[in-house]
>>> print(open('target11.txt').read())   # compact mmCIF, C-alpha atoms and all ligand atoms
# COMPACT_ATOMS: atom_id res chain seq x y z
CA MET A 24 14.70 -12.38 30.35
CA ASP A 25 13.62 -15.88 29.36
CA ALA A 26 10.93 -16.47 26.74
CA THR A 27 8.17 -16.95 29.32
CA ALA A 28 8.95 -13.67 31.06
CA VAL A 29 9.15 -11.84 27.71
CA GLN A 30 5.76 -13.27 26.77
CA ALA A 31 4.21 -12.19 30.08
CA VAL A 32 5.49 -8.58 29.92
CA PHE A 33 4.50 -8.31 26.26
CA GLN A 34 1.03 -9.78 26.72
CA ASP A 35 0.35 -7.47 29.64
CA LYS A 36 1.13 -4.41 27.49
CA ILE A 37 -0.98 -5.69 24.62
CA GLU A 38 -3.93 -6.29 26.94
CA GLN A 39 -3.64 -2.78 28.34
CA ASP A 40 -3.58 -1.49 24.76
CA LEU A 41 -0.16 0.11 25.28
CA LYS A 42 2.25 0.53 22.40
CA ILE A 43 5.19 -1.84 22.05
CA GLU A 44 8.41 0.14 21.52
CA PRO A 45 11.66 -1.05 19.87
CA LYS A 46 13.53 -1.83 23.10
CA ASP A 47 10.55 -3.50 24.81
CA PRO A 48 10.56 -7.27 25.26
CA MET A 49 8.61 -8.92 22.46
CA PRO A 50 8.24 -12.53 21.27
CA ASP A 51 10.26 -13.51 18.19
CA ARG A 52 7.11 -14.30 16.24
CA TYR A 53 5.69 -10.81 16.82
CA ARG A 54 8.97 -9.30 15.62
CA ALA A 55 9.06 -11.54 12.52
CA HIS A 56 5.39 -10.82 11.72
CA LEU A 57 6.02 -7.08 11.83
CA ILE A 58 9.21 -7.26 9.78
CA ARG A 59 7.29 -9.20 7.10
CA GLN A 60 4.37 -6.78 6.98
CA ILE A 61 6.25 -3.49 7.36
CA SER A 62 8.95 -4.41 4.83
CA GLN A 63 6.28 -5.48 2.32
CA HIS A 64 4.52 -2.21 2.97
CA ALA A 65 7.78 -0.29 2.35
CA HIS A 66 8.49 -2.22 -0.86
CA SER A 67 4.96 -1.41 -2.06
CA GLU A 68 5.50 2.30 -1.61
CA VAL A 69 8.78 2.21 -3.51
CA ILE A 70 7.68 -0.08 -6.35
CA GLY A 71 4.47 1.98 -6.51
CA MET A 72 6.54 4.91 -7.80
CA GLN A 73 7.11 3.09 -11.09
CA PRO A 74 3.67 3.07 -12.75
CA GLU A 75 3.24 6.76 -11.95
CA GLY A 76 6.83 7.73 -12.81
CA ASN A 77 6.02 6.54 -16.30
CA TRP A 78 3.76 9.61 -16.74
CA ILE A 79 5.91 12.46 -15.38
CA THR A 80 7.20 13.50 -18.80
CA ARG A 81 3.74 13.13 -20.36
CA ALA A 82 1.60 14.99 -17.79
CA PRO A 83 -0.91 17.19 -19.67
CA SER A 84 0.01 20.48 -17.95
CA LEU A 85 2.75 21.99 -15.80
CA ARG A 86 0.36 21.97 -12.82
CA ALA A 87 -0.40 18.27 -13.31
CA LYS A 88 3.31 17.54 -13.63
CA GLN A 89 4.21 19.38 -10.42
CA ILE A 90 1.48 17.56 -8.50
CA LEU A 91 2.50 14.19 -9.85
CA LEU A 92 6.17 14.80 -9.05
CA ALA A 93 5.28 15.79 -5.48
CA LYS A 94 3.08 12.73 -5.07
CA ILE A 95 5.72 10.32 -6.31
CA GLN A 96 8.30 11.92 -4.06
CA ASP A 97 5.92 11.43 -1.12
CA GLU A 98 5.68 7.71 -1.95
CA GLY A 99 9.48 7.46 -1.85
CA GLY A 100 9.37 9.18 1.55
CA HIS A 101 6.78 6.70 2.81
CA GLY A 102 9.08 3.89 1.75
CA LEU A 103 11.89 5.49 3.78
CA TYR A 104 9.81 5.89 6.95
CA LEU A 105 8.71 2.30 6.66
CA TYR A 106 12.17 0.88 6.01
CA SER A 107 13.38 2.84 9.05
CA THR A 108 10.48 1.46 11.08
CA ALA A 109 11.38 -2.09 10.10
CA GLU A 110 15.04 -1.42 10.95
CA THR A 111 14.02 -0.71 14.56
CA LEU A 112 13.08 -4.40 14.70
CA GLY A 113 16.61 -5.54 13.88
CA ILE A 114 16.68 -6.10 10.12
CA SER A 115 18.92 -4.02 7.86
CA ARG A 116 17.82 -2.12 4.76
CA GLU A 117 20.21 -4.26 2.68
CA GLU A 118 18.53 -7.47 3.86
CA MET A 119 15.09 -6.10 3.03
CA ILE A 120 16.16 -5.02 -0.46
CA GLU A 121 17.74 -8.41 -1.02
CA GLN A 122 14.49 -10.12 0.00
CA LEU A 123 12.58 -7.94 -2.44
CA GLN A 124 14.94 -8.45 -5.34
CA THR A 125 15.14 -12.22 -4.88
CA GLY A 126 11.33 -12.55 -4.68
CA LYS A 127 11.32 -13.61 -0.99
CA ALA A 128 9.35 -10.54 0.06
CA LYS A 129 6.12 -9.52 -1.58
CA TYR A 130 4.80 -6.07 -2.46
CA SER A 131 1.24 -5.02 -3.21
CA ASN A 132 -0.40 -6.82 -6.15
CA ILE A 133 -1.62 -3.48 -7.54
CA PHE A 134 1.75 -2.25 -8.74
CA ASN A 135 2.11 -5.05 -11.25
CA TYR A 136 -0.44 -3.47 -13.59
CA PRO A 137 0.55 -0.96 -16.29
CA ALA A 138 -0.48 2.72 -16.33
CA LEU A 139 -1.60 2.95 -19.96
CA THR A 140 -3.23 6.40 -20.18
CA TRP A 141 -3.36 9.66 -18.21
CA ALA A 142 -6.68 8.47 -16.74
CA ASP A 143 -4.74 5.66 -15.07
CA ILE A 144 -2.91 8.31 -13.04
CA GLY A 145 -6.34 9.50 -11.88
CA ALA A 146 -7.42 5.94 -11.10
CA ILE A 147 -4.22 5.20 -9.16
CA GLY A 148 -4.57 8.32 -6.99
CA TRP A 149 -8.29 7.89 -6.41
CA LEU A 150 -8.60 4.10 -6.08
CA VAL A 151 -5.13 2.88 -5.07
CA ASP A 152 -4.34 5.66 -2.62
CA GLY A 153 -8.00 5.56 -1.57
CA ALA A 154 -7.69 1.85 -0.70
CA ALA A 155 -4.30 2.41 0.95
CA ILE A 156 -5.80 5.11 3.22
CA VAL A 157 -8.64 2.90 4.42
CA ASN A 158 -6.10 0.24 5.37
CA GLN A 159 -3.60 2.66 6.87
CA VAL A 160 -6.08 4.62 8.98
CA ALA A 161 -6.80 1.34 10.78
CA LEU A 162 -3.04 0.82 11.17
CA GLN A 163 -2.69 4.14 13.04
CA ARG A 164 -3.91 2.10 16.03
CA THR A 165 -1.56 -0.84 15.45
CA SER A 166 0.31 -2.08 18.52
CA TYR A 167 3.88 -1.36 17.37
CA GLY A 168 4.61 2.29 18.26
CA PRO A 169 6.95 3.30 15.40
CA TYR A 170 4.62 1.73 12.79
CA ALA A 171 1.54 3.46 14.24
CA ARG A 172 3.30 6.83 14.28
CA ALA A 173 4.56 6.47 10.69
CA MET A 174 0.95 5.89 9.63
CA PHE A 175 -0.23 9.30 10.85
CA ARG A 176 1.95 11.26 8.47
CA ILE A 177 1.51 8.78 5.65
CA CYS A 178 -2.29 8.98 5.90
CA LYS A 179 -2.26 12.78 5.72
CA GLU A 180 -0.17 12.67 2.56
CA GLU A 181 -2.21 9.86 1.02
CA SER A 182 -5.37 11.85 1.47
CA PHE A 183 -3.90 14.62 -0.72
CA HIS A 184 -2.98 11.91 -3.25
CA GLN A 185 -6.48 10.52 -3.24
CA ARG A 186 -7.93 13.95 -3.96
CA GLN A 187 -5.54 14.67 -6.83
CA GLY A 188 -6.57 11.37 -8.43
CA TYR A 189 -10.26 12.09 -7.96
CA GLU A 190 -9.79 15.56 -9.46
CA ILE A 191 -8.22 14.05 -12.59
CA MET A 192 -11.14 11.63 -12.96
CA ALA A 193 -13.75 14.34 -12.29
CA ASN A 194 -12.18 16.66 -14.87
CA MET A 195 -12.01 13.92 -17.48
CA MET A 196 -15.67 13.10 -16.87
CA LYS A 197 -16.49 16.73 -17.68
CA GLY A 198 -14.51 16.51 -20.94
CA THR A 199 -15.03 15.03 -24.41
CA THR A 200 -16.57 11.61 -25.13
CA GLU A 201 -13.06 10.21 -25.64
CA GLN A 202 -11.94 11.55 -22.27
CA ARG A 203 -14.98 10.08 -20.53
CA GLU A 204 -14.34 6.73 -22.20
CA MET A 205 -10.71 6.88 -21.13
CA ALA A 206 -11.72 7.49 -17.50
CA GLN A 207 -14.24 4.63 -17.56
CA ASP A 208 -11.67 2.31 -19.14
CA ALA A 209 -9.18 3.12 -16.35
CA MET A 210 -11.91 2.50 -13.76
CA ASN A 211 -12.68 -0.87 -15.38
CA ARG A 212 -9.05 -1.97 -15.26
CA TRP A 213 -8.16 -0.72 -11.73
CA TRP A 214 -11.32 -1.53 -9.76
CA TRP A 215 -10.82 -5.23 -9.20
CA PRO A 216 -7.06 -5.13 -8.51
CA ALA A 217 -7.79 -2.31 -6.00
CA LEU A 218 -10.22 -4.60 -4.16
CA MET A 219 -7.48 -7.25 -4.05
CA MET A 220 -5.19 -4.84 -2.20
CA PHE A 221 -7.01 -5.71 1.04
CA GLY A 222 -5.79 -9.29 0.80
CA PRO A 223 -7.66 -12.62 0.78
CA HIS A 224 -11.06 -13.10 2.40
CA ASP A 225 -10.82 -13.36 6.18
CA LYS A 226 -11.37 -17.12 6.14
CA ASP A 227 -8.30 -17.52 3.86
CA SER A 228 -6.05 -14.95 5.54
CA ALA A 229 -3.16 -16.91 7.03
CA HIS A 230 -1.75 -14.11 9.17
CA SER A 231 -4.93 -12.52 10.52
CA GLY A 232 -5.18 -14.76 13.60
CA ASP A 233 -1.83 -13.62 14.99
CA ALA A 234 -2.36 -10.07 13.74
CA PHE A 235 -5.54 -9.76 15.83
CA LYS A 236 -4.11 -11.53 18.83
CA TRP A 237 -1.23 -9.04 18.88
CA ARG A 238 -3.38 -6.03 17.89
CA ILE A 239 -1.35 -5.43 14.75
CA LYS A 240 -4.57 -5.45 12.73
CA ARG A 241 -7.67 -3.72 14.11
CA LYS A 242 -10.02 -4.47 11.23
CA THR A 243 -10.20 -7.55 9.03
CA ASN A 244 -9.34 -7.64 5.33
CA ASP A 245 -13.05 -7.98 4.43
CA GLU A 246 -14.18 -5.21 6.78
CA LEU A 247 -11.70 -2.77 5.24
CA ARG A 248 -12.59 -3.83 1.69
CA GLN A 249 -16.27 -3.22 2.48
CA LYS A 250 -15.52 0.21 3.87
CA PHE A 251 -13.60 1.12 0.71
CA ILE A 252 -16.39 -0.11 -1.58
CA ASP A 253 -19.12 1.78 0.28
CA LYS A 254 -17.19 5.02 0.20
CA THR A 255 -16.00 4.71 -3.41
CA VAL A 256 -19.30 3.74 -5.05
CA GLN A 257 -20.78 7.04 -3.97
CA GLN A 258 -17.78 8.99 -5.26
CA ALA A 259 -18.05 7.22 -8.63
CA GLU A 260 -21.76 8.09 -8.87
CA VAL A 261 -21.09 11.78 -8.25
CA ILE A 262 -18.85 12.07 -11.32
CA GLY A 263 -20.80 9.63 -13.51
CA LEU A 264 -18.48 6.60 -13.53
CA THR A 265 -19.86 3.06 -13.51
CA ILE A 266 -18.42 0.43 -11.17
CA PRO A 267 -17.53 -2.56 -13.37
CA ASP A 268 -19.42 -5.07 -11.24
CA PRO A 269 -22.86 -6.26 -12.41
CA ASP A 270 -23.48 -7.85 -9.00
CA LEU A 271 -22.93 -4.65 -7.02
CA LYS A 272 -26.13 -3.97 -5.08
CA TRP A 273 -27.08 -1.92 -2.03
CA ASN A 274 -27.96 -4.18 0.90
CA GLU A 275 -30.38 -2.38 3.20
CA THR A 276 -29.89 -4.84 6.06
CA LYS A 277 -26.11 -4.52 6.25
CA GLN A 278 -26.19 -0.85 5.16
CA GLY A 279 -23.45 -1.56 2.65
CA TYR A 280 -22.97 -2.87 -0.91
CA ASP A 281 -22.89 -6.53 -1.84
CA HIS A 282 -20.34 -7.14 -4.55
CA GLY A 283 -19.35 -9.76 -7.10
CA GLU A 284 -16.62 -12.33 -6.44
CA ILE A 285 -13.01 -11.30 -6.81
CA ASN A 286 -10.84 -13.29 -9.20
CA TRP A 287 -8.54 -14.91 -6.64
CA GLU A 288 -6.73 -16.90 -9.33
CA GLU A 289 -5.58 -13.61 -10.83
CA PHE A 290 -4.58 -12.36 -7.36
CA LYS A 291 -2.45 -15.46 -6.70
CA ARG A 292 -0.86 -15.28 -10.13
CA VAL A 293 0.09 -11.62 -9.64
CA ILE A 294 1.46 -11.90 -6.10
CA ASN A 295 3.46 -14.96 -7.08
CA GLY A 296 5.37 -13.04 -9.72
CA ASN A 297 3.30 -13.61 -12.86
CA GLY A 298 1.31 -10.39 -13.28
CA PRO A 299 1.55 -8.17 -16.36
CA CYS A 300 4.49 -6.07 -15.06
CA ASN A 301 6.22 -8.05 -12.27
CA LYS A 302 9.30 -8.77 -14.35
CA GLN A 303 9.62 -5.20 -15.58
CA ARG A 304 9.16 -3.76 -12.07
CA MET A 305 11.92 -5.91 -10.60
CA GLU A 306 14.35 -5.41 -13.49
CA HIS A 307 13.88 -1.66 -13.16
CA HIS A 308 14.42 -1.77 -9.39
CA ILE A 309 17.58 -3.87 -9.68
CA ARG A 310 19.01 -1.75 -12.48
CA TYR A 311 18.60 1.56 -10.66
CA HIS A 312 19.67 0.06 -7.34
CA GLU A 313 22.93 -1.02 -8.99
CA GLU A 314 23.40 2.27 -10.81
CA GLY A 315 22.83 4.16 -7.55
CA ALA A 316 25.46 2.20 -5.59
CA TRP A 317 27.95 5.09 -5.85
CA VAL A 318 25.45 7.43 -4.12
CA ARG A 319 25.12 5.07 -1.17
CA GLU A 320 28.90 4.66 -1.00
CA ALA A 321 29.46 8.43 -1.12
CA ALA A 322 26.86 9.02 1.59
CA ALA A 323 28.43 6.35 3.81
CA ALA A 324 31.92 7.82 3.27
CA TYR A 325 30.64 11.31 4.14
CA HIS A 326 28.96 10.00 7.27
CA GLU A 327 32.18 8.27 8.33
CA LYS A 328 34.15 11.51 7.92
CA PHE A 329 31.52 13.82 9.47
CA PRO A 330 29.53 11.54 11.81
CA THR A 331 27.66 14.39 13.52
CA ASP A 332 26.32 16.04 10.32
N1 LIG W 1 -0.58 -7.84 -2.46
O1 LIG W 1 -2.71 -13.46 5.67
P1 LIG W 1 -2.84 -12.29 4.76
C1 LIG W 1 0.13 2.05 -1.26
C2 LIG W 1 -0.13 -11.69 0.85
S1 LIG W 1 0.63 1.05 0.01
C3 LIG W 1 0.44 -8.71 -2.31
O2 LIG W 1 -4.17 -11.62 4.71
P2 LIG W 1 -1.67 -9.98 6.05
C4 LIG W 1 0.57 3.46 -1.30
C5 LIG W 1 0.40 -11.50 2.28
O3 LIG W 1 1.56 -10.69 2.27
C6 LIG W 1 -0.05 -0.54 -0.37
N2 LIG W 1 0.44 -9.69 -1.36
O4 LIG W 1 -1.67 -11.24 5.09
C7 LIG W 1 0.81 3.88 -2.68
C8 LIG W 1 0.63 -12.93 2.67
O5 LIG W 1 1.81 -13.41 2.01
P3 LIG W 1 3.18 -13.78 2.85
C9 LIG W 1 0.50 -1.54 0.53
C10 LIG W 1 -0.63 -9.72 -0.55
O6 LIG W 1 -0.28 -9.42 6.06
C11 LIG W 1 -0.21 4.30 -3.49
C12 LIG W 1 -0.52 -13.65 2.01
O7 LIG W 1 -0.93 -12.84 0.91
N3 LIG W 1 -0.13 -1.47 1.80
O8 LIG W 1 -0.57 1.56 -2.03
C13 LIG W 1 -1.69 -8.84 -0.64
O9 LIG W 1 -2.30 -10.31 7.35
C14 LIG W 1 0.02 4.72 -4.80
C15 LIG W 1 -1.66 -13.92 2.97
O10 LIG W 1 -2.41 -12.71 3.28
C16 LIG W 1 0.24 -2.28 2.82
O11 LIG W 1 1.14 -3.08 2.68
C17 LIG W 1 -1.65 -7.87 -1.65
N4 LIG W 1 -2.64 -6.98 -1.83
O12 LIG W 1 -2.65 -8.93 5.32
C18 LIG W 1 2.11 3.87 -3.18
C19 LIG W 1 -0.49 -2.09 4.11
N5 LIG W 1 -2.61 -9.15 0.31
O13 LIG W 1 3.63 -12.51 3.52
C20 LIG W 1 2.36 4.29 -4.50
C21 LIG W 1 0.10 -2.92 5.24
C22 LIG W 1 -2.13 -10.21 0.98
O14 LIG W 1 2.81 -14.84 3.84
C23 LIG W 1 1.29 4.70 -5.30
N6 LIG W 1 -0.17 -4.30 5.05
N7 LIG W 1 -0.94 -10.55 0.45
O15 LIG W 1 4.15 -14.25 1.80
C24 LIG W 1 -1.31 -4.92 5.48
O16 LIG W 1 -2.21 -4.28 6.02
C25 LIG W 1 -1.42 -6.40 5.32
O17 LIG W 1 -0.13 -6.92 5.14
C26 LIG W 1 -2.35 -6.86 4.14
C27 LIG W 1 -2.32 -8.39 4.06
C28 LIG W 1 -3.78 -6.39 4.40
C29 LIG W 1 -1.87 -6.30 2.79
>>> encode(input="target11.txt", output="structure tokens", more="lines below")
Ligand code: FAQ
Amino acid sequence: MDATAVQAVFQDKIEQDLKIEPKDPMPDRYRAHLIRQISQHAHSEVIGMQPEGNWITRAPSLRAKQILLAKIQDEGGHGLYLYSTAETLGISREEMIEQLQTGKAKYSNIFNYPALTWADIGAIGWLVDGAAIVNQVALQRTSYGPYARAMFRICKEESFHQRQGYEIMANMMKGTTEQREMAQDAMNRWWWPALMMFGPHDKDSAHSGDAFKWRIKRKTNDELRQKFIDKTVQQAEVIGLTIPDPDLKWNETKQGYDHGEINWEEFKRVINGNGPCNKQRMEHHIRYHEEGAWVREAAAAYHEKFPTD
């Protein structure tokens, strides 16, 4: 099929709101857009294991440790579904890892901040998974079939993650003064970076035009951010936490909260490699990727010998 025919078949499916499947004709730019977004999403899940992994050995109870281990394992699983999804578009896992490790591919800004106290584990589950769910629920309706399907399972698991984080925060807010202060301090440090997870304002979002045209995105960055804020402010109030934004105010007309301006300079600094933990995150990834080479080689050798297993 020539490019014009591909475009016509593709556009027809998009207009009928049908899913695009791996073997369907699709324009090169659609394919490249999805590889960029899905691989960055996969990298985020995998790098996101690091700030939480830091607390496995220091979890305050066996129950908390089991839950945290299960959650982190889920994040690794999400990375795997997403890498597999991107592979259906014709890029290999090795290429994606190379793009991550050489700084060509981004991952979510949020994972470049340190998890300093146990309350940070609560804040990550509640705010970071909470923000991820809002974004990913919208992606369940994205036009690329394998990506949309991956989102269903991921959203179910993230909603358990969000609740475990909220439970940690709620329990700490019922505790001693020090525990309440610790929870508020975590809230203060994670709130703004969590808002940045939705990406730049719509007017500055370079990829949104194509993403809407091709029905990859169904809601804009600002719409999703607003949804997250409205939902989370109420949850914070229930457990007595204060949102660290003096400009946050209920707006009766829009039936949502107005909020203060996000520090976009900080956002740019962090996504361009200069956040508090970018260097550490990448060094850690490279080190364990190299140390794990023998596992990949052994698995490949086994597969070669027993291809049907
Ligand atoms: N961080 O034109 P737009 C999770 C970049 S999963 C870093 O608006 P787009 C689970 C963007 O890539 C969290 N970079 O881009 C978990 C682009 O740069 P490029 C991850 C960002 O794609 C929880 C440039 O800025 N979720 O947390 C960010 O239309 C706990 C221009 O931006 C996803 O990835 C950012 N926040 O919209 C795991 C969801 N925002 O590529 C462990 C899927 C923007 O030209 C523990 N992704 N950039 O170099 C999406 O929905 C979209 O890609 C957006 C960005 C909304 C993130």
>>> residues_near_ligand(input="target11.txt", ligand="ligand LIG 1 (chain W)", cutoff="7 Å", atoms="all atoms listed in the file", output="VMD selection string")
chain A and resid 59 to 61 63 to 64 67 to 69 71 to 72 98 128 to 133 147 to 148 151 to 152 155 158 to 159 219 to 223 228 to 231 234 244 294
>>> closest_residue(input="target11.txt", among="A:Gly298, A:Gly145, A:Gly76, A:Gly168", to="Pro216 in chain A", atoms="only C-alpha atoms")
A:Gly298
>>> closest_residue(input="target11.txt", among="A:Leu92, A:Leu150, A:Ala173, A:Ile309", to="Gln122 in chain A", atoms="all atoms listed in the file")
A:Ile309
>>> closest_residue(input="target11.txt", among="A:Trp237, A:Trp214, A:Trp141, A:Tyr104", to="Met49 in chain A", atoms="all atoms listed in the file")
A:Trp237
>>> closest_residue(input="target11.txt", among="A:Met210, A:Met205, A:Ala217, A:Leu112", to="Pro45 in chain A", atoms="only C-alpha atoms")
A:Leu112
>>> residues_around(input="target11.txt", residues="His184 in chain A", least_positions_apart="4", cutoff="10 Å", atoms="only C-alpha atoms", output="PDB file with C-alpha atoms, keeping the file's coordinate frame")
ATOM      1  CA  ILE A  90       1.480  17.560  -8.500  1.00  0.00           C
ATOM      2  CA  LEU A  91       2.500  14.190  -9.850  1.00  0.00           C
ATOM      3  CA  ALA A  93       5.280  15.790  -5.480  1.00  0.00           C
ATOM      4  CA  LYS A  94       3.080  12.730  -5.070  1.00  0.00           C
ATOM      5  CA  ILE A  95       5.720  10.320  -6.310  1.00  0.00           C
ATOM      6  CA  ASP A  97       5.920  11.430  -1.120  1.00  0.00           C
ATOM      7  CA  GLU A  98       5.680   7.710  -1.950  1.00  0.00           C
ATOM      8  CA  GLY A 145      -6.340   9.500 -11.880  1.00  0.00           C
ATOM      9  CA  ILE A 147      -4.220   5.200  -9.160  1.00  0.00           C
ATOM     10  CA  GLY A 148      -4.570   8.320  -6.990  1.00  0.00           C
ATOM     11  CA  TRP A 149      -8.290   7.890  -6.410  1.00  0.00           C
ATOM     12  CA  VAL A 151      -5.130   2.880  -5.070  1.00  0.00           C
ATOM     13  CA  ASP A 152      -4.340   5.660  -2.620  1.00  0.00           C
ATOM     14  CA  GLY A 153      -8.000   5.560  -1.570  1.00  0.00           C
ATOM     15  CA  ILE A 156      -5.800   5.110   3.220  1.00  0.00           C
ATOM     16  CA  CYS A 178      -2.290   8.980   5.900  1.00  0.00           C
ATOM     17  CA  LYS A 179      -2.260  12.780   5.720  1.00  0.00           C
ATOM     18  CA  GLU A 180      -0.170  12.670   2.560  1.00  0.00           C
ATOM     19  CA  GLY A 188      -6.570  11.370  -8.430  1.00  0.00           C
ATOM     20  CA  TYR A 189     -10.260  12.090  -7.960  1.00  0.00           C
ATOM     21  CA  GLU A 190      -9.790  15.560  -9.460  1.00  0.00           C
TER      22      GLU A 190
END
>>> axis_aligned_box(input="target11.txt", around="range 231-238 of chain A", padding_each_side="8 Å", output="JSON")
{"center_x": -3.4, "center_y": -10.4, "center_z": 14.7, "size_x": 20.3, "size_y": 24.7, "size_z": 24.4}
>>> closest_residue(input="target11.txt", among="A:Gly296, A:Val261, A:Asp253, A:Gln39", to="Lys277 in chain A", atoms="only C-alpha atoms")
A:Asp253
>>> atom_distance(input="target11.txt", atom1="CA of Arg86 in chain A", atom2="CA of His308 in chain A")
27.8 Å
>>> closest_residue(input="target11.txt", among="A:Leu247, A:Leu103, A:Ala109, A:Leu218", to="Val160 in chain A", atoms="all atoms listed in the file")
A:Leu247
>>> atom_distance(input="target11.txt", atom1="CA of Ser182 in chain A", atom2="CA of Lys254 in chain A")
13.7 Å
>>> residues_around(input="target11.txt", residues="Tyr170 in chain A", least_positions_apart="4", cutoff="9 Å", atoms="all atoms listed in the file", output="NGL selection string")
:A and (57 or 61 or 104-105 or 108-109 or 162-163 or 165-166 or 174)
>>> residues_around(input="target11.txt", residues="Tyr136 in chain A", least_positions_apart="4", cutoff="8 Å", atoms="all atoms listed in the file", output="PyMOL selection string")
chain A and resi 74+298-300
>>> decode(input="target11.txt", residues="range 91-97 of chain A", atoms="all heavy atoms", output="PDB file, in the first residue's frame")
ATOM      1  N   LEU A  91       4.199  -3.295  50.203  1.00  0.00           N
ATOM      2  CA  LEU A  91       5.125  -2.499  49.383  1.00  0.00           C
ATOM      3  C   LEU A  91       5.822  -3.376  48.337  1.00  0.00           C
ATOM      4  O   LEU A  91       5.952  -2.993  47.169  1.00  0.00           O
ATOM      5  CB  LEU A  91       6.151  -1.787  50.285  1.00  0.00           C
ATOM      6  CG  LEU A  91       7.107  -0.835  49.575  1.00  0.00           C
ATOM      7  CD1 LEU A  91       6.357   0.291  48.864  1.00  0.00           C
ATOM      8  CD2 LEU A  91       8.109  -0.230  50.564  1.00  0.00           C
ATOM      9  N   LEU A  92       6.231  -4.576  48.772  1.00  0.00           N
ATOM     10  CA  LEU A  92       6.877  -5.494  47.816  1.00  0.00           C
ATOM     11  C   LEU A  92       5.945  -5.814  46.654  1.00  0.00           C
ATOM     12  O   LEU A  92       6.347  -5.806  45.489  1.00  0.00           O
ATOM     13  CB  LEU A  92       7.223  -6.813  48.525  1.00  0.00           C
ATOM     14  CG  LEU A  92       8.592  -6.902  49.172  1.00  0.00           C
ATOM     15  CD1 LEU A  92       8.658  -8.156  50.041  1.00  0.00           C
ATOM     16  CD2 LEU A  92       9.688  -6.948  48.120  1.00  0.00           C
ATOM     17  N   ALA A  93       4.665  -6.098  47.001  1.00  0.00           N
ATOM     18  CA  ALA A  93       3.695  -6.448  45.952  1.00  0.00           C
ATOM     19  C   ALA A  93       3.492  -5.276  45.007  1.00  0.00           C
ATOM     20  O   ALA A  93       3.404  -5.444  43.787  1.00  0.00           O
ATOM     21  CB  ALA A  93       2.370  -6.859  46.592  1.00  0.00           C
ATOM     22  N   LYS A  94       3.434  -4.074  45.567  1.00  0.00           N
ATOM     23  CA  LYS A  94       3.210  -2.884  44.744  1.00  0.00           C
ATOM     24  C   LYS A  94       4.378  -2.670  43.772  1.00  0.00           C
ATOM     25  O   LYS A  94       4.185  -2.454  42.572  1.00  0.00           O
ATOM     26  CB  LYS A  94       3.052  -1.647  45.636  1.00  0.00           C
ATOM     27  CG  LYS A  94       2.878  -0.381  44.811  1.00  0.00           C
ATOM     28  CD  LYS A  94       3.041   0.867  45.660  1.00  0.00           C
ATOM     29  CE  LYS A  94       2.626   2.109  44.908  1.00  0.00           C
ATOM     30  NZ  LYS A  94       3.442   2.425  43.734  1.00  0.00           N
ATOM     31  N   ILE A  95       5.594  -2.792  44.306  1.00  0.00           N
ATOM     32  CA  ILE A  95       6.761  -2.546  43.453  1.00  0.00           C
ATOM     33  C   ILE A  95       6.842  -3.598  42.339  1.00  0.00           C
ATOM     34  O   ILE A  95       7.165  -3.295  41.193  1.00  0.00           O
ATOM     35  CB  ILE A  95       8.051  -2.495  44.305  1.00  0.00           C
ATOM     36  CG1 ILE A  95       7.974  -1.312  45.278  1.00  0.00           C
ATOM     37  CG2 ILE A  95       9.282  -2.372  43.422  1.00  0.00           C
ATOM     38  CD1 ILE A  95       9.094  -1.265  46.292  1.00  0.00           C
ATOM     39  N   GLN A  96       6.490  -4.832  42.718  1.00  0.00           N
ATOM     40  CA  GLN A  96       6.480  -5.888  41.704  1.00  0.00           C
ATOM     41  C   GLN A  96       5.453  -5.576  40.618  1.00  0.00           C
ATOM     42  O   GLN A  96       5.694  -5.799  39.426  1.00  0.00           O
ATOM     43  CB  GLN A  96       6.173  -7.216  42.383  1.00  0.00           C
ATOM     44  CG  GLN A  96       6.309  -8.396  41.454  1.00  0.00           C
ATOM     45  CD  GLN A  96       6.177  -9.709  42.205  1.00  0.00           C
ATOM     46  OE1 GLN A  96       6.604  -9.828  43.344  1.00  0.00           O
ATOM     47  NE2 GLN A  96       5.571 -10.681  41.581  1.00  0.00           N
ATOM     48  N   ASP A  97       4.301  -5.049  41.033  1.00  0.00           N
ATOM     49  CA  ASP A  97       3.289  -4.648  40.031  1.00  0.00           C
ATOM     50  C   ASP A  97       3.868  -3.621  39.061  1.00  0.00           C
ATOM     51  O   ASP A  97       3.623  -3.679  37.858  1.00  0.00           O
ATOM     52  CB  ASP A  97       2.079  -3.974  40.705  1.00  0.00           C
ATOM     53  CG  ASP A  97       1.147  -4.946  41.411  1.00  0.00           C
ATOM     54  OD1 ASP A  97       1.318  -6.159  41.254  1.00  0.00           O
ATOM     55  OD2 ASP A  97       0.250  -4.458  42.130  1.00  0.00           O
TER      56      ASP A  97
END
